[in-house]
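Undergrad: File name target10.cif; file contents mmCIF, C-alpha atoms and all ligand atoms; full text below.
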```
data_run
loop_
_atom_site.group_PDB
_atom_site.id
_atom_site.type_symbol
_atom_site.label_atom_id
_atom_site.label_comp_id
_atom_site.auth_asym_id
_atom_site.auth_seq_id
_atom_site.Cartn_x
_atom_site.Cartn_y
_atom_site.Cartn_z
ATOM 1 C CA MET A 253 102.419 113.437 118.988
ATOM 2 C CA ASP A 254 99.330 111.483 120.109
ATOM 3 C CA GLN A 255 99.480 107.783 120.929
ATOM 4 C CA VAL A 256 98.125 106.491 117.603
ATOM 5 C CA ASN A 257 100.674 108.551 115.698
ATOM 6 C CA GLN A 258 103.426 107.248 117.959
ATOM 7 C CA LEU A 259 102.382 103.705 116.995
ATOM 8 C CA LYS A 260 102.314 104.674 113.313
ATOM 9 C CA LYS A 261 105.793 106.149 113.605
ATOM 10 C CA ALA A 262 107.058 103.026 115.396
ATOM 11 C CA VAL A 263 105.873 100.717 112.601
ATOM 12 C CA GLY A 264 107.103 103.110 109.906
ATOM 13 C CA ASP A 265 110.557 103.104 111.499
ATOM 14 C CA LYS A 266 110.478 99.323 111.909
ATOM 15 C CA ALA A 267 109.573 98.767 108.239
ATOM 16 C CA ALA A 268 112.578 100.831 107.239
ATOM 17 C CA GLU A 269 114.797 98.175 108.866
ATOM 18 C CA PHE A 270 113.839 95.845 105.988
ATOM 19 C CA VAL A 271 115.203 98.272 103.382
ATOM 20 C CA GLU A 272 118.591 97.581 101.797
ATOM 21 C CA SER A 273 120.735 99.731 99.568
ATOM 22 C CA GLY A 274 120.027 99.215 95.866
ATOM 23 C CA MET A 275 116.363 98.350 96.392
ATOM 24 C CA THR A 276 113.472 99.628 94.333
ATOM 25 C CA LEU A 277 110.649 100.178 96.788
ATOM 26 C CA GLY A 278 106.904 100.347 96.427
ATOM 27 C CA LEU A 279 105.826 103.378 98.407
ATOM 28 C CA GLY A 280 102.311 102.859 99.739
ATOM 29 C CA SER A 281 99.905 105.575 100.770
ATOM 30 C CA GLY A 282 98.397 107.003 103.909
ATOM 31 C CA SER A 283 99.294 108.482 107.260
ATOM 32 C CA THR A 284 101.259 105.435 108.468
ATOM 33 C CA VAL A 285 103.363 105.274 105.300
ATOM 34 C CA TYR A 286 104.167 108.950 105.875
ATOM 35 C CA TYR A 287 106.386 107.939 108.803
ATOM 36 C CA PHE A 288 108.061 105.223 106.717
ATOM 37 C CA LEU A 289 108.886 107.850 104.101
ATOM 38 C CA LYS A 290 110.336 110.142 106.753
ATOM 39 C CA LYS A 291 112.656 107.362 107.901
ATOM 40 C CA LEU A 292 113.632 106.552 104.318
ATOM 41 C CA ALA A 293 114.518 110.196 103.813
ATOM 42 C CA GLU A 294 117.079 109.878 106.635
ATOM 43 C CA PHE A 295 118.626 106.850 104.892
ATOM 44 C CA VAL A 296 118.832 108.739 101.592
ATOM 45 C CA LYS A 297 120.483 111.678 103.329
ATOM 46 C CA ASP A 298 123.032 109.253 104.755
ATOM 47 C CA GLY A 299 123.848 108.049 101.231
ATOM 48 C CA MET A 300 121.690 104.932 100.830
ATOM 49 C CA LYS A 301 120.838 104.300 97.180
ATOM 50 C CA ILE A 302 117.168 103.489 96.826
ATOM 51 C CA GLN A 303 114.355 104.522 94.543
ATOM 52 C CA GLY A 304 110.616 104.386 95.083
ATOM 53 C CA VAL A 305 107.490 103.800 93.033
ATOM 54 C CA PRO A 306 104.776 105.993 94.565
ATOM 55 C CA THR A 307 101.222 104.642 94.784
ATOM 56 C CA SER A 308 99.512 108.037 94.956
ATOM 57 C CA PHE A 309 99.992 111.685 94.084
ATOM 58 C CA GLN A 310 100.209 112.429 97.815
ATOM 59 C CA THR A 311 102.990 109.893 98.346
ATOM 60 C CA ALA A 312 104.855 111.223 95.308
ATOM 61 C CA ALA A 313 104.583 114.745 96.727
ATOM 62 C CA TRP A 314 105.866 113.660 100.151
ATOM 63 C CA ALA A 315 108.708 111.641 98.610
ATOM 64 C CA LYS A 316 109.789 114.598 96.481
ATOM 65 C CA LYS A 317 109.670 116.887 99.501
ATOM 66 C CA PHE A 318 111.794 114.412 101.489
ATOM 67 C CA GLY A 319 114.336 113.931 98.673
ATOM 68 C CA ILE A 320 113.496 110.267 97.957
ATOM 69 C CA PRO A 321 114.288 109.441 94.297
ATOM 70 C CA LEU A 322 111.250 108.222 92.362
ATOM 71 C CA THR A 323 110.835 105.828 89.479
ATOM 72 C CA HIS A 324 108.010 103.936 87.746
ATOM 73 C CA LEU A 325 107.090 100.291 87.242
ATOM 74 C CA ALA A 326 109.274 99.006 84.414
ATOM 75 C CA SER A 327 108.592 96.013 82.189
ATOM 76 C CA GLY A 328 110.230 92.819 83.398
ATOM 77 C CA LYS A 329 111.339 94.348 86.688
ATOM 78 C CA ARG A 330 109.739 93.699 90.037
ATOM 79 C CA VAL A 331 109.771 96.017 92.980
ATOM 80 C CA ASP A 332 112.010 94.525 95.680
ATOM 81 C CA LEU A 333 109.835 95.517 98.600
ATOM 82 C CA ALA A 334 106.547 97.399 98.952
ATOM 83 C CA VAL A 335 105.467 98.952 102.239
ATOM 84 C CA ASP A 336 101.889 100.035 102.720
ATOM 85 C CA GLY A 337 99.206 100.702 105.314
ATOM 86 C CA ALA A 338 95.779 99.126 105.770
ATOM 87 C CA ASP A 339 92.336 100.016 107.053
ATOM 88 C CA GLU A 340 91.510 96.542 108.350
ATOM 89 C CA ILE A 341 93.586 93.396 108.811
ATOM 90 C CA ASP A 342 92.116 89.976 109.560
ATOM 91 C CA PRO A 343 93.880 86.986 111.147
ATOM 92 C CA HIS A 344 94.312 85.370 107.702
ATOM 93 C CA PHE A 345 96.376 88.358 106.434
ATOM 94 C CA ASN A 346 93.533 89.647 104.244
ATOM 95 C CA LEU A 347 93.089 93.403 104.178
ATOM 96 C CA ILE A 348 90.728 96.229 103.412
ATOM 97 C CA LYS A 349 92.542 99.179 101.881
ATOM 98 C CA GLY A 350 91.544 102.337 100.040
ATOM 99 C CA GLY A 351 90.259 104.495 102.885
ATOM 100 C CA GLY A 352 92.288 107.312 101.361
ATOM 101 C CA GLY A 353 91.244 106.395 97.819
ATOM 102 C CA CYS A 354 94.551 104.933 96.644
ATOM 103 C CA LEU A 355 93.741 101.243 96.298
ATOM 104 C CA LEU A 356 94.259 100.701 92.560
ATOM 105 C CA ARG A 357 97.858 101.890 92.290
ATOM 106 C CA GLU A 358 98.617 100.268 95.627
ATOM 107 C CA LYS A 359 97.363 96.930 94.360
ATOM 108 C CA ILE A 360 99.256 97.164 91.071
ATOM 109 C CA VAL A 361 102.480 97.897 92.926
ATOM 110 C CA ALA A 362 101.823 95.209 95.564
ATOM 111 C CA ALA A 363 101.125 92.629 92.859
ATOM 112 C CA ASN A 364 104.483 93.446 91.304
ATOM 113 C CA ALA A 365 106.459 93.404 94.519
ATOM 114 C CA LYS A 366 108.638 90.520 95.643
ATOM 115 C CA CYS A 367 107.428 91.244 99.155
ATOM 116 C CA LEU A 368 104.676 93.427 100.654
ATOM 117 C CA ILE A 369 105.007 94.595 104.249
ATOM 118 C CA ILE A 370 101.874 96.032 105.821
ATOM 119 C CA ILE A 371 102.272 98.561 108.615
ATOM 120 C CA ALA A 372 99.458 99.543 110.943
ATOM 121 C CA ASP A 373 98.590 100.428 114.489
ATOM 122 C CA GLU A 374 96.728 97.842 116.511
ATOM 123 C CA THR A 375 93.326 99.514 115.964
ATOM 124 C CA LYS A 376 93.333 98.062 112.430
ATOM 125 C CA GLN A 377 93.238 94.423 113.559
ATOM 126 C CA VAL A 378 89.802 92.791 113.339
ATOM 127 C CA ALA A 379 88.485 89.263 113.675
ATOM 128 C CA THR A 380 86.484 89.584 110.444
ATOM 129 C CA LEU A 381 86.751 92.239 107.722
ATOM 130 C CA GLY A 382 83.782 94.475 106.996
ATOM 131 C CA LYS A 383 83.190 97.050 109.704
ATOM 132 C CA PHE A 384 85.229 99.529 107.675
ATOM 133 C CA GLY A 385 83.325 100.499 104.515
ATOM 134 C CA LEU A 386 84.780 98.580 101.586
ATOM 135 C CA PRO A 387 86.088 100.984 98.918
ATOM 136 C CA VAL A 388 85.337 99.931 95.338
ATOM 137 C CA GLU A 389 86.788 101.929 92.437
ATOM 138 C CA VAL A 390 84.555 102.256 89.356
ATOM 139 C CA VAL A 391 84.706 104.098 86.070
ATOM 140 C CA PRO A 392 82.650 107.323 86.152
ATOM 141 C CA PHE A 393 80.617 106.358 83.075
ATOM 142 C CA GLY A 394 77.404 104.705 84.210
ATOM 143 C CA SER A 395 78.511 104.772 87.828
ATOM 144 C CA GLU A 396 74.920 104.958 89.152
ATOM 145 C CA ILE A 397 74.118 101.723 87.331
ATOM 146 C CA ILE A 398 77.333 100.143 88.548
ATOM 147 C CA ALA A 399 76.224 100.998 92.104
ATOM 148 C CA ASP A 400 72.974 99.121 91.412
ATOM 149 C CA TYR A 401 75.006 96.062 90.329
ATOM 150 C CA ILE A 402 76.994 96.274 93.563
ATOM 151 C CA ARG A 403 73.799 96.516 95.643
ATOM 152 C CA ASP A 404 72.439 93.461 93.796
ATOM 153 C CA LEU A 405 75.276 91.499 95.444
ATOM 154 C CA GLY A 406 73.662 92.239 98.805
ATOM 155 C CA GLY A 407 75.474 95.337 100.052
ATOM 156 C CA THR A 408 75.044 99.082 100.127
ATOM 157 C CA ALA A 409 77.117 101.396 97.938
ATOM 158 C CA LYS A 410 77.577 105.075 98.763
ATOM 159 C CA MET A 411 79.483 107.286 96.373
ATOM 160 C CA ARG A 412 82.414 108.982 98.083
ATOM 161 C CA THR A 413 82.067 112.739 97.816
ATOM 162 C CA LEU A 414 84.009 115.852 98.700
ATOM 163 C CA GLU A 415 82.720 118.336 101.264
ATOM 164 C CA ASN A 416 81.010 120.355 98.511
ATOM 165 C CA GLY A 417 79.118 117.256 97.358
ATOM 166 C CA ASP A 418 81.166 116.692 94.181
ATOM 167 C CA PRO A 419 82.300 113.108 93.576
ATOM 168 C CA PHE A 420 85.704 112.196 94.953
ATOM 169 C CA VAL A 421 87.924 111.443 91.949
ATOM 170 C CA SER A 422 90.783 108.980 92.380
ATOM 171 C CA ASP A 423 94.303 109.550 91.044
ATOM 172 C CA ASN A 424 93.169 107.422 88.091
ATOM 173 C CA GLY A 425 90.179 109.635 87.275
ATOM 174 C CA ASN A 426 87.666 107.150 88.691
ATOM 175 C CA TYR A 427 84.922 107.283 91.329
ATOM 176 C CA LEU A 428 84.802 105.346 94.592
ATOM 177 C CA PHE A 429 81.895 103.669 96.298
ATOM 178 C CA ASP A 430 82.141 102.901 99.995
ATOM 179 C CA CYS A 431 80.238 99.660 100.390
ATOM 180 C CA ASP A 432 78.772 97.869 103.367
ATOM 181 C CA PHE A 433 78.355 94.107 103.082
ATOM 182 C CA GLY A 434 78.264 93.575 106.838
ATOM 183 C CA LEU A 435 80.961 91.283 108.157
ATOM 184 C CA ILE A 436 82.604 89.591 105.178
ATOM 185 C CA ASP A 437 82.788 85.824 105.727
ATOM 186 C CA ASP A 438 84.506 85.091 102.421
ATOM 187 C CA PRO A 439 86.510 88.113 101.262
ATOM 188 C CA GLY A 440 87.954 86.254 98.263
ATOM 189 C CA GLN A 441 84.529 85.396 96.940
ATOM 190 C CA LEU A 442 83.180 88.925 97.450
ATOM 191 C CA HIS A 443 86.225 90.357 95.684
ATOM 192 C CA ASN A 444 85.676 88.021 92.713
ATOM 193 C CA GLU A 445 81.970 88.863 92.525
ATOM 194 C CA LEU A 446 82.651 92.580 92.579
ATOM 195 C CA LYS A 447 85.416 92.288 89.981
ATOM 196 C CA SER A 448 83.060 90.461 87.640
ATOM 197 C CA LEU A 449 80.773 93.513 87.439
ATOM 198 C CA VAL A 450 81.205 95.604 84.313
ATOM 199 C CA GLY A 451 82.605 98.989 85.276
ATOM 200 C CA VAL A 452 84.252 97.905 88.527
ATOM 201 C CA VAL A 453 87.946 98.659 88.211
ATOM 202 C CA GLU A 454 89.241 97.276 91.519
ATOM 203 C CA THR A 455 88.210 96.551 95.082
ATOM 204 C CA GLY A 456 89.897 97.419 98.349
ATOM 205 C CA LEU A 457 90.057 93.750 99.316
ATOM 206 C CA PHE A 458 93.689 92.638 99.294
ATOM 207 C CA ILE A 459 93.526 88.866 99.490
ATOM 208 C CA GLN A 460 96.644 86.934 100.443
ATOM 209 C CA MET A 461 98.979 89.607 99.108
ATOM 210 C CA THR A 462 101.164 89.952 102.186
ATOM 211 C CA ASP A 463 102.955 87.588 104.518
ATOM 212 C CA THR A 464 104.495 90.189 106.815
ATOM 213 C CA ILE A 465 102.500 92.602 108.950
ATOM 214 C CA LEU A 466 103.966 95.016 111.482
ATOM 215 C CA ILE A 467 101.514 95.983 114.208
ATOM 216 C CA GLY A 468 102.195 98.936 116.474
ATOM 217 C CA LYS A 469 101.221 98.123 120.062
ATOM 218 C CA GLU A 470 101.665 100.187 123.186
ATOM 219 C CA ASN A 471 105.133 98.935 124.093
ATOM 220 C CA GLU A 472 106.302 97.039 121.033
ATOM 221 C CA VAL A 473 106.034 96.493 117.304
ATOM 222 C CA LYS A 474 104.723 93.012 116.730
ATOM 223 C CA VAL A 475 106.007 91.300 113.587
ATOM 224 C CA LEU A 476 103.360 88.915 112.244
ATOM 225 C CA LYS A 477 104.661 86.331 109.780
ATOM 226 C CA LYS A 478 102.545 83.892 107.906
HETATM 227 O O1 LIG A 501 93.825 104.587 100.268
HETATM 228 C C1 LIG A 501 94.537 104.559 101.264
HETATM 229 C C2 LIG A 501 95.420 103.448 101.608
HETATM 230 O O2 LIG A 501 94.904 102.183 101.299
HETATM 231 C C3 LIG A 501 96.006 103.499 103.006
HETATM 232 O O3 LIG A 501 97.134 102.678 103.013
HETATM 233 C C4 LIG A 501 95.034 103.029 104.090
HETATM 234 O O4 LIG A 501 93.837 103.770 104.021
HETATM 235 C C5 LIG A 501 95.640 103.183 105.492
HETATM 236 O O5 LIG A 501 95.886 104.520 105.727
HETATM 237 P P1 LIG A 501 96.367 105.080 107.128
HETATM 238 O O6 LIG A 501 97.716 104.574 107.364
HETATM 239 O O7 LIG A 501 96.299 106.589 106.958
HETATM 240 O O8 LIG A 501 95.358 104.617 108.144
#
```
I'd like the structure from this file rewritten - as C-alpha cells, please.
TA:
Amino acid sequence: MDQVNQLKKAVGDKAAEFVESGMTLGLGSGSTVYYFLKKLAEFVKDGMKIQGVPTSFQTAAWAKKFGIPLTHLASGKRVDLAVDGADEIDPHFNLIKGGGGCLLREKIVAANAKCLIIIADETKQVATLGKFGLPVEVVPFGSEIIADYIRDLGGTAKMRTLENGDPFVSDNGNYLFDCDFGLIDDPGQLHNELKSLVGVVETGLFIQMTDTILIGKENEVKVLKK
C-alpha cells in the first residue's frame, strides 16, 4: 500500500472509533471512505448492530459486498453520524467535495446527520479553497445555457465527460461542471450565487457542515475540532 493510501486507511480506521452499536450511519463516498467501510465491516462481523445510508451507488455496492446493512433516509429520523471524504479542506472547516461526482447525496445525508466527520489525508488541506475544480451539479436540460450562467459569475465551467466524450451522469441523472473561480475568498457567497441559478441542483461547496475533521499525517491522525 502506498503512503497516501496508508494515511487514508489510518483516518478510515480512526473514524470507526466514533461508531457505536445501534447507530444509523451516513456512508460517504470515495477512496478514503472505502477504508472506513472496511473497518465497519469488521465491526459488523463481530456482531455490532449498525445500518448505513449510502451516498452513492459505489458506496452501496461496497457496503453490500462487505456485509454492512443498508437503509434509507426516513422521515423524522436523523442519521446519528455521517463519515465522508473531501477534496479540499480550509482552516474554517469549509470543504470542496464532489471530485467523484457524489456531492448531492452526500450533502443531503450530511444535512440530516447529527454529526459529520470528514476524513482525509493531509494533501487535502489548503489555506484557501479553489485550486481543486469546483464540481457543480446541474440538470441536463439546457445545461449549455446553465454553463453560461455559471461563467457569468466570473468562473470557467467545463462539463465533466467520460473517456469516450459522453457526459458524465451523476447517480441522480444529472450532469456535472468542473468550475474554476480561482481561489475562493468567500465560499458561502459563491455557493449562494451558484444555487440561485436556474438549473443548478447543488454545488460541491460544503459550508460549515462539519466540526470534526480527521487528517492523516505521516505519523499520526490529527483530530481537528472546531
Ligand atoms: O464525489 C466524491 C466525494 O465528494 C468524495 O468524498 C471526495 O471526492 C473525496 O474522495 P477521496 O477520498 O477519494 O479523495
Undergrad: By how many Å are atom CA of A:Phe345 and atom CA of A:Asp437 apart?
TA: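 Between these atoms lies a distance of 13.8 Å.
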Undergrad: Take atom C4 of ligand LIG 501 (chain A) and atom CA of A:Thr413 and report the distance between them in Å, one decimal.
TA: 17.4 Å
Undergrad: To test the calculation: enclose all listed atoms of ligand LIG 501 (chain A) in a box whose edges run along x, y and z, add 5 Å on each side, then state centre and edge lengths in Å to one decimal, as AutoDock Vina command-line options.
TA:
```
--center_x 95.8 --center_y 104.4 --center_z 104.2 --size_x 13.9 --size_y 14.4 --size_z 17.9
```
Undergrad: Using only C-alpha atoms and all ligand atoms, tabulate the residues of chain A lying at most 7 Å from any atom of ligand LIG 501 (chain A), each with its closest atom pair and that distance in Å to one decimal, by chain and increasing residue number, as CSV.
TA:
```
residue,atom,partner,partner_atom,distance
A:Gly280,CA,A:LIG501,O3,6.1
A:Ser281,CA,A:LIG501,O3,4.6
A:Gly282,CA,A:LIG501,O7,3.7
A:Ser283,CA,A:LIG501,O7,3.6
A:Thr284,CA,A:LIG501,O6,3.8
A:Val285,CA,A:LIG501,O6,6.1
A:Asp336,CA,A:LIG501,O3,5.4
A:Gly337,CA,A:LIG501,O3,3.7
A:Ala338,CA,A:LIG501,C5,4.1
A:Asp339,CA,A:LIG501,C5,4.8
A:Lys349,CA,A:LIG501,O2,3.9
A:Gly350,CA,A:LIG501,O1,3.2
A:Gly351,CA,A:LIG501,O4,3.8
A:Gly352,CA,A:LIG501,O1,3.3
A:Gly353,CA,A:LIG501,O1,4.0
A:Cys354,CA,A:LIG501,O1,3.7
A:Leu355,CA,A:LIG501,O1,5.2
A:Ala372,CA,A:LIG501,O6,6.4
```
Undergrad: If you measure from atom CA of A:Val331 to atom CA of A:Ile371, what distance in Å do you get, rounded to one decimal?
TA: 17.5 Å
Undergrad: On this structure, which residues satisfy the PyMOL selection byres (((chain A and resi 425-431) around 6) and not hetatm), written as a PyMOL selection string?
TA: chain A and resi 385-392+408-412+421-424+432
Undergrad: Write a file of the selected residues as an mmCIF file, in the frame of the given file, keeping C-alpha atoms.
TA:
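Saved as result_11.cif:
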```cif
data_model
loop_
_atom_site.group_PDB
_atom_site.id
_atom_site.type_symbol
_atom_site.label_atom_id
_atom_site.label_comp_id
_atom_site.auth_asym_id
_atom_site.auth_seq_id
_atom_site.Cartn_x
_atom_site.Cartn_y
_atom_site.Cartn_z
ATOM 1 C CA GLY A 385 83.325 100.499 104.515
ATOM 2 C CA LEU A 386 84.780 98.580 101.586
ATOM 3 C CA PRO A 387 86.088 100.984 98.918
ATOM 4 C CA VAL A 388 85.337 99.931 95.338
ATOM 5 C CA GLU A 389 86.788 101.929 92.437
ATOM 6 C CA VAL A 390 84.555 102.256 89.356
ATOM 7 C CA VAL A 391 84.706 104.098 86.070
ATOM 8 C CA PRO A 392 82.650 107.323 86.152
ATOM 9 C CA THR A 408 75.044 99.082 100.127
ATOM 10 C CA ALA A 409 77.117 101.396 97.938
ATOM 11 C CA LYS A 410 77.577 105.075 98.763
ATOM 12 C CA MET A 411 79.483 107.286 96.373
ATOM 13 C CA ARG A 412 82.414 108.982 98.083
ATOM 14 C CA VAL A 421 87.924 111.443 91.949
ATOM 15 C CA SER A 422 90.783 108.980 92.380
ATOM 16 C CA ASP A 423 94.303 109.550 91.044
ATOM 17 C CA ASN A 424 93.169 107.422 88.091
ATOM 18 C CA ASP A 432 78.772 97.869 103.367
#
```
Undergrad: Hey, which bits of stretch 355-407 of chain A sit within 10 Å of stretch 286-305 of chain A, and for each residue what's the closest pair of atoms and how far apart in Å (one decimal), counting only C-alpha atoms, rows by chain and increasing number, as CSV?
TA:
```
residue,atom,partner,partner_atom,distance
A:Arg357,CA,A:Val305,CA,9.8
A:Glu358,CA,A:Val305,CA,9.9
A:Val361,CA,A:Val305,CA,7.7
A:Ile371,CA,A:Phe288,CA,9.0
```
Undergrad: Mind listing as a ChimeraX atom specification all residues within 10 Å of (110.1, 111.3, 92.4), counting only C-alpha atoms?
TA: /A:303-306,311-324
Undergrad: With distances taken over all atoms listed in the file, which residue among A:Ser448, A:Gln441, A:Thr462, A:Thr375 lies nearest A:Lys260?
TA: A:Thr375
Undergrad: Written as a ChimeraX atom specification, what is the full residue list that the PyMOL selection byres (((chain A and resi 347) around 6) and not hetatm) yields on the file shown?
TA: /A:340-341,346,348,457-458
Undergrad: Using the chain letters and numbers from this file, what does the PyMOL selection byres (((chain A and resi 446) around 12) and not hetatm) select? Give the answer as number ranges by chain.
TA: A: 386-390, 398-407, 409, 429, 431, 433, 439-445, 447-457
Undergrad: Considering only C-alpha atoms, return as a PyMOL selection string whatever protein or nucleic-acid residues lie within 10 Å of A:Met461, sequence-local ones (same chain, fewer than 5 positions apart) excluded.
TA: chain A and resi 345-347+359+362-363+365+367-370
Undergrad: Rank nothing, just name the residue among A:Ile436, A:Asp418, A:Val256, A:Asn471 nearest to A:Lys376, using only C-alpha atoms.
TA: A:Val256
